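**Q** Sharing final21.cif here; it has mmCIF, C-alpha atoms.
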data_entry
#
loop_
_atom_site.label_atom_id
_atom_site.label_comp_id
_atom_site.auth_asym_id
_atom_site.auth_seq_id
_atom_site.Cartn_x
_atom_site.Cartn_y
_atom_site.Cartn_z
CA MET A 1 0.00 0.00 0.00
CA LYS A 2 1.29 3.47 -0.92
CA THR A 3 1.55 6.05 1.85
CA ARG A 4 2.59 9.67 2.31
CA ILE A 5 4.46 8.94 5.54
CA LYS A 6 7.95 9.57 4.11
CA GLU A 7 6.83 12.85 2.52
CA LEU A 8 5.09 14.03 5.71
CA ARG A 9 8.07 13.00 7.79
CA LYS A 10 10.49 14.94 5.58
CA GLU A 11 8.24 18.03 5.73
CA ARG A 12 8.42 17.95 9.52
CA LYS A 13 12.14 17.00 9.52
CA LEU A 14 11.45 13.85 11.52
CA SER A 15 13.49 10.67 11.54
CA GLN A 16 11.90 7.23 11.33
CA GLU A 17 13.09 6.58 14.89
CA GLU A 18 11.35 9.72 16.19
CA LEU A 19 8.10 8.87 14.42
CA ALA A 20 8.27 5.28 15.65
CA LEU A 21 8.78 6.44 19.22
CA ALA A 22 5.85 8.86 18.96
CA VAL A 23 3.35 6.34 17.58
CA GLY A 24 4.49 3.37 19.68
CA THR A 25 6.15 1.18 17.11
CA THR A 26 9.65 0.32 15.87
CA ARG A 27 11.81 2.02 13.24
CA GLN A 28 11.78 -1.18 11.16
CA THR A 29 7.97 -1.16 11.04
CA ILE A 30 7.93 2.46 9.85
CA THR A 31 10.45 1.49 7.12
CA SER A 32 8.28 -1.47 6.06
CA ILE A 33 5.15 0.70 5.89
CA GLU A 34 6.98 3.40 3.92
CA VAL A 35 8.26 0.96 1.28
CA GLY A 36 4.89 -0.82 1.11
CA LYS A 37 6.06 -4.17 2.46
CA TYR A 38 3.73 -4.04 5.45
CA THR A 39 0.18 -2.76 5.76
CA ALA A 40 -0.43 -1.04 9.09
CA SER A 41 -3.39 -2.08 11.24
CA LEU A 42 -6.30 0.31 11.69
CA VAL A 43 -5.01 1.32 15.14
CA LEU A 44 -1.47 2.06 13.91
CA ALA A 45 -2.80 3.85 10.81
CA TYR A 46 -4.96 6.02 13.08
CA LYS A 47 -2.02 6.78 15.38
CA ILE A 48 0.19 7.82 12.44
CA ALA A 49 -2.53 9.95 10.82
CA HIS A 50 -3.40 11.52 14.20
CA PHE A 51 0.28 12.30 14.79
CA PHE A 52 0.43 14.29 11.53
CA GLY A 53 -2.95 15.92 12.25
CA LEU A 54 -4.54 14.32 9.18
CA THR A 55 -7.16 11.69 8.43
CA ILE A 56 -6.21 8.09 7.57
CA GLU A 57 -7.26 8.59 3.92
CA GLU A 58 -4.93 11.60 3.64
CA VAL A 59 -1.93 9.51 4.73
CA PHE A 60 -2.71 6.09 3.25
CA ASP A 61 -3.63 5.52 -0.40
CA PHE A 62 -6.57 3.13 -0.59
CA SER A 63 -7.06 3.46 -4.38
CA GLU A 64 -5.40 0.06 -5.02
CA LEU A 65 -8.11 -1.63 -2.95
CA ASN A 66 -10.76 -0.68 -5.52
CA GLU A 67 -8.88 -2.53 -8.30
CA PHE A 68 -10.35 -6.03 -8.66
CA MET B 1 4.45 3.23 31.25
CA GLU B 2 4.53 2.80 35.06
CA LYS B 3 2.78 -0.55 34.66
CA PHE B 4 5.47 -1.65 32.19
CA ARG B 5 8.22 -0.41 34.54
CA THR B 6 6.78 -2.64 37.30
CA LYS B 7 6.67 -5.54 34.82
CA VAL B 8 10.34 -4.95 33.90
CA LYS B 9 11.30 -4.86 37.61
CA ARG B 10 9.51 -8.19 38.10
CA ARG B 11 11.36 -9.63 35.11
CA ILE B 12 14.71 -8.49 36.56
CA ALA B 13 13.82 -10.30 39.81
CA ILE B 14 12.86 -13.48 37.89
CA SER B 15 16.09 -13.36 35.83
CA SER B 16 18.13 -12.84 39.03
CA GLY B 17 16.44 -15.90 40.54
CA MET B 18 17.17 -17.92 37.38
CA ALA B 19 20.83 -16.82 37.42
CA PHE B 20 21.12 -17.83 41.08
CA ILE B 21 19.51 -21.25 40.48
CA ALA B 22 21.76 -21.80 37.43
CA MET B 23 24.80 -20.92 39.54
CA VAL B 24 23.80 -23.40 42.26
CA LEU B 25 23.06 -26.14 39.70
CA GLY B 26 26.34 -25.40 37.91
CA GLY B 27 28.20 -25.75 41.22
CA ILE B 28 26.48 -29.09 41.93
CA ASN B 29 27.30 -30.23 38.38
CA ILE B 30 31.00 -29.35 38.74
CA TYR B 31 31.10 -31.07 42.15
CA SER B 32 29.47 -34.23 40.74
CA ILE B 33 31.98 -34.27 37.84
CA ILE B 34 34.85 -34.07 40.36
CA ILE B 35 33.56 -36.87 42.63
CA THR B 36 32.44 -39.19 39.75
CA ASP B 37 34.45 -42.32 39.20
CA HIS B 38 35.44 -41.68 35.56
CA SER B 39 36.83 -45.19 35.02
CA SER B 40 33.30 -46.69 34.92
CA ALA B 41 31.60 -43.79 33.08
CA THR B 42 30.57 -44.38 29.47
CA HIS B 43 30.79 -41.90 26.58
CA SER B 44 26.99 -41.39 26.80
CA ASP B 45 27.18 -40.52 30.52
CA GLY B 46 29.73 -37.84 29.73
CA PHE B 47 27.64 -36.47 26.88
CA VAL B 48 24.46 -36.13 28.97
CA ALA B 49 26.41 -34.51 31.84
CA GLY B 50 28.16 -32.17 29.40
CA PHE B 51 24.86 -31.23 27.77
CA GLN B 52 23.32 -30.45 31.17
CA PHE B 53 26.29 -28.31 32.13
CA GLY B 54 26.16 -26.48 28.79
CA LEU B 55 22.45 -25.86 29.28
CA ILE B 56 23.03 -24.48 32.80
CA VAL B 57 25.80 -22.17 31.56
CA SER B 58 23.53 -20.97 28.70
CA ILE B 59 20.65 -20.26 31.11
CA PHE B 60 23.04 -18.35 33.37
CA GLY B 61 24.42 -16.36 30.43
CA LEU B 62 20.95 -15.50 29.10
CA ALA B 63 19.72 -14.50 32.57
CA VAL B 64 22.71 -12.18 33.13
CA PHE B 65 22.25 -10.67 29.65
CA ASP B 66 18.56 -10.07 30.42
CA ILE B 67 19.37 -8.45 33.79
CA ILE B 68 21.89 -6.06 32.16
CA LYS B 69 19.53 -5.19 29.26
CA LEU B 70 16.52 -4.57 31.53
CA SER B 71 18.54 -2.66 34.16
CA LEU B 72 19.84 -0.30 31.49
CA ALA B 73 16.31 0.22 30.15
CA ILE B 74 14.70 0.86 33.52
CA ASN B 75 17.04 3.78 34.26
CA ASP B 76 16.47 5.50 30.91
CA GLU B 77 12.98 6.66 29.87
CA THR B 78 13.75 6.56 26.10
CA LYS B 79 15.26 3.07 26.29
CA LEU B 80 12.26 1.90 28.31
CA ARG B 81 9.89 3.35 25.68
CA ILE B 82 11.91 1.64 22.87
CA LEU B 83 11.75 -1.67 24.75
CA TYR B 84 7.98 -1.25 25.25
CA ASN B 85 7.49 -0.44 21.56
CA LYS B 86 9.61 -3.44 20.51
CA GLU B 87 7.58 -5.81 22.68
CA HIS B 88 4.21 -4.40 21.60
CA ASP B 89 5.02 -3.74 17.93
CA GLU B 90 2.23 -5.26 15.80
CA ARG B 91 4.57 -6.26 12.94
CA LEU B 92 7.00 -8.05 15.26
CA ILE B 93 4.08 -9.78 17.01
CA ALA B 94 2.80 -10.98 13.60
CA ILE B 95 6.29 -12.24 12.66
CA ARG B 96 6.66 -14.06 16.00
CA ASN B 97 3.25 -15.66 15.52
CA LYS B 98 4.16 -16.81 12.01
CA ALA B 99 7.39 -18.32 13.38
CA GLY B 100 5.34 -20.34 15.87
CA ALA B 101 5.90 -18.36 19.08
CA PRO B 102 5.16 -19.01 21.88
CA MET B 103 4.28 -22.69 21.27
CA ILE B 104 7.66 -23.55 19.68
CA VAL B 105 9.46 -22.24 22.78
CA ILE B 106 7.12 -24.07 25.18
CA THR B 107 7.37 -27.40 23.32
CA SER B 108 11.16 -26.99 22.99
CA ILE B 109 11.55 -26.48 26.76
CA MET B 110 9.31 -29.48 27.46
CA MET B 111 11.25 -31.64 25.00
CA ILE B 112 14.61 -30.60 26.53
CA ILE B 113 13.33 -31.52 30.03
CA ALA B 114 12.05 -34.83 28.63
CA ALA B 115 15.41 -35.42 26.89
CA ILE B 116 17.38 -34.85 30.12
CA ILE B 117 15.13 -37.28 32.03
CA ALA B 118 15.23 -39.82 29.17
CA GLY B 119 19.02 -39.46 28.99
CA TYR B 120 19.36 -41.36 32.28
CA PHE B 121 17.52 -44.40 30.82
CA ASN B 122 18.04 -44.39 27.04
CA ILE B 123 20.62 -42.33 25.20
CA ILE B 124 18.96 -42.86 21.77
CA VAL B 125 15.78 -41.13 23.03
CA PHE B 126 17.96 -38.30 24.38
CA TYR B 127 19.68 -37.77 21.01
CA THR B 128 16.37 -38.00 19.11
CA LEU B 129 14.68 -35.38 21.29
CA ILE B 130 17.65 -33.00 21.13
CA VAL B 131 17.83 -33.27 17.32
CA ALA B 132 14.04 -32.69 17.12
CA VAL B 133 14.35 -29.56 19.30
CA ALA B 134 17.25 -28.26 17.20
CA ALA B 135 15.30 -28.90 13.99
CA GLN B 136 12.13 -27.14 15.14
CA LEU B 137 14.09 -24.16 16.48
CA LEU B 138 16.01 -23.94 13.20
CA VAL B 139 12.81 -23.98 11.13
CA SER B 140 11.29 -21.33 13.41
CA ALA B 141 14.40 -19.13 13.09
CA MET B 142 14.38 -19.48 9.30
CA VAL B 143 10.68 -18.55 9.08
CA LYS B 144 11.33 -15.56 11.35
CA LEU B 145 14.25 -14.41 9.19
CA TYR B 146 12.20 -14.81 6.02
CA CYS B 147 9.28 -12.83 7.48
CA MET B 148 11.64 -10.09 8.71
CA LYS B 149 12.85 -9.67 5.12
CA THR B 150 9.43 -9.80 3.44
CA MET B 151 7.20 -7.99 5.95
#
Translate this file's structure into structure tokens.
**A**
Amino acid sequence: MKTRIKELRKERKLSQEELALAVGTTRQTITSIEVGKYTASLVLAYKIAHFFGLTIEEVFDFSELNEF
Amino acid sequence: MEKFRTKVKRRIAISSGMAFIAMVLGGINIYSIIITDHSSATHSDGFVAGFQFGLIVSIFGLAVFDIIKLSLAINDETKLRILYNKEHDERLIAIRNKAGAPMIVITSIMMIIAAIIAGYFNIIVFYTLIVAVAAQLLVSAMVKLYCMKTM
């Protein structure tokens, strides 16, 4: 799944470690989400979106889910 | 986080207890090696005793490592938060589950205990159980490594 996490992180000059610490996960998980290897759970997606002050849809790209 | 800090303190106490028990058992093991009449001991007897001693030393080493790691974390808020995140990280939990945790660990411990007991009666059963434990731990480690790369 595509996300805007890397872009949002760069805008705020945040490292993966700092974001991970803030949302209660590990740096490796943030890396996996950013490169699309791992799809975050609803709770983690909410925490990340809430951290950036955005909605889940604004951070995560769900357009691929509509492709059958 | 205070709840987790209490949990970590409890784990330090448990690890200290384990290190102490391992030290006592190691002492008994060394003493029994010294007083054993080696002229009548078979190769199998030596192997089982050596395995037990190796296991005790490993438990002691792991307990000491755990005490150091947890003691460092408990005195540093950031390290404690990182430890909490690592233990509660959803991706790592999913990887551990795919690798068979915690059942692989539980069955491995039970099989090692069974192997040590069986070792006193039948050395073939001892070898079989130890090889089975090694094989299941190896498969679990390989699955974990694969999942770490792909997830």
**Q** Using only C-alpha atoms, determine which residues lie at most 8 Å from Gly61 of chain B, disregarding the query and same-chain residues fewer than 4 positions distant; provide the list as a VMD selection string.
**A** chain B and resid 19 57 65
**Q** Given the file above and the PyMOL selection byres ((chain B) within 8 of (chain A)), which residues are selected, and can you give them as an NGL selection string?
**A** :B and (81-82 or 85-86 or 88-91 or 150-151)
**Q** Would you be able to write out as a list in words which residues have an atom within 12 Å of (4.9, -19.1, 16.3) in the file's coordinates, counting all atoms listed in the file?
**A**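 All residues meeting the 12 Å criterion around (4.9, -19.1, 16.3) are Leu92, Ile93, Ala94, Ile95, Arg96, Asn97, Lys98, Ala99, Gly100, Ala101, Pro102, Met103, Ile104, Val105, Ile106, Thr107, Gln136, Leu137, Val139, Ser140, Ala141, Met142, Val143, Lys144 and Cys147 of chain B.
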**Q** Please expand the PyMOL selection byres ((chain B and resi 23) around 12) into the concrete residues it hits in this file, giving the result as a PyMOL selection string.
**A** chain B and resi 16-22+24-30+53+55-61+63-64
**Q** Going by the chain IDs and residue numbers used in this file, which residues fall under the PyMOL selection byres ((chain A and resi 52) around 12)? Write them as a count of residues only.
**A** 26
**Q** So how many Å separate atom CA of Ile33 of chain B and atom CA of Gly50 of chain B, to one decimal?
**A**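 We find that atom CA of Ile33 of chain B and atom CA of Gly50 of chain B lie 9.5 Å from each other.
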**Q** Of the candidates B:Met148, B:Ala118, B:Ile113, B:Leu70, which one gets nearest to Lys7 of chain B if we count all atoms listed in the file?
**A**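 Of all the options, B:Leu70 lies closest to Lys7 of chain B.
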**Q** One decimal, in Å: what's the spacing between atom CA of Tyr84 of chain B and atom CA of Glu57 of chain A?
**A**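 Distance between the two atoms: 28.0 Å.
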**Q** Using only C-alpha atoms, which residues sit within 12 Å of Ser63 of chain A once same-chain residues fewer than 6 positions away are excluded, as a PyMOL selection string?
**A** chain A and resi 1-3+57
**Q** Report the distance between atom CA of Phe47 of chain B and atom CA of Asp66 of chain B in Å, rounded to one decimal place.
**A**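 Going from atom CA of Phe47 of chain B over to atom CA of Asp66 of chain B, I get 28.1 Å.
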**Q** Please report, as AutoDock Vina command-line options, the centre and edge lengths in Å to one decimal of an axis-aligned box covering all listed atoms of segment 8-27 of chain A with 8 Å per side.
**A**
--center_x 8.4 --center_y 9.2 --center_z 12.6 --size_x 26.1 --size_y 33.7 --size_z 30.1
**Q** Excluding Val8 of chain B and any residue of its chain fewer than 5 positions from it, enumerate the residues within 9 Å of it, using all atoms listed in the file, and give them as a PyMOL selection string.
**A** chain B and resi 3+13+70-71+73-74
**Q** What lies within 7 Å of segment 114-116 of chain B using all atoms listed in the file, ignoring chain neighbours under 4 positions off, as an mmCIF file with C-alpha atoms, keeping the file's coordinate frame?
**A**
data_model
loop_
_atom_site.group_PDB
_atom_site.id
_atom_site.type_symbol
_atom_site.label_atom_id
_atom_site.label_comp_id
_atom_site.auth_asym_id
_atom_site.auth_seq_id
_atom_site.Cartn_x
_atom_site.Cartn_y
_atom_site.Cartn_z
ATOM 1 C CA MET B 110 9.310 -29.480 27.460
ATOM 2 C CA VAL B 125 15.780 -41.130 23.030
ATOM 3 C CA PHE B 126 17.960 -38.300 24.380
ATOM 4 C CA LEU B 129 14.680 -35.380 21.290
ATOM 5 C CA ILE B 130 17.650 -33.000 21.130
#
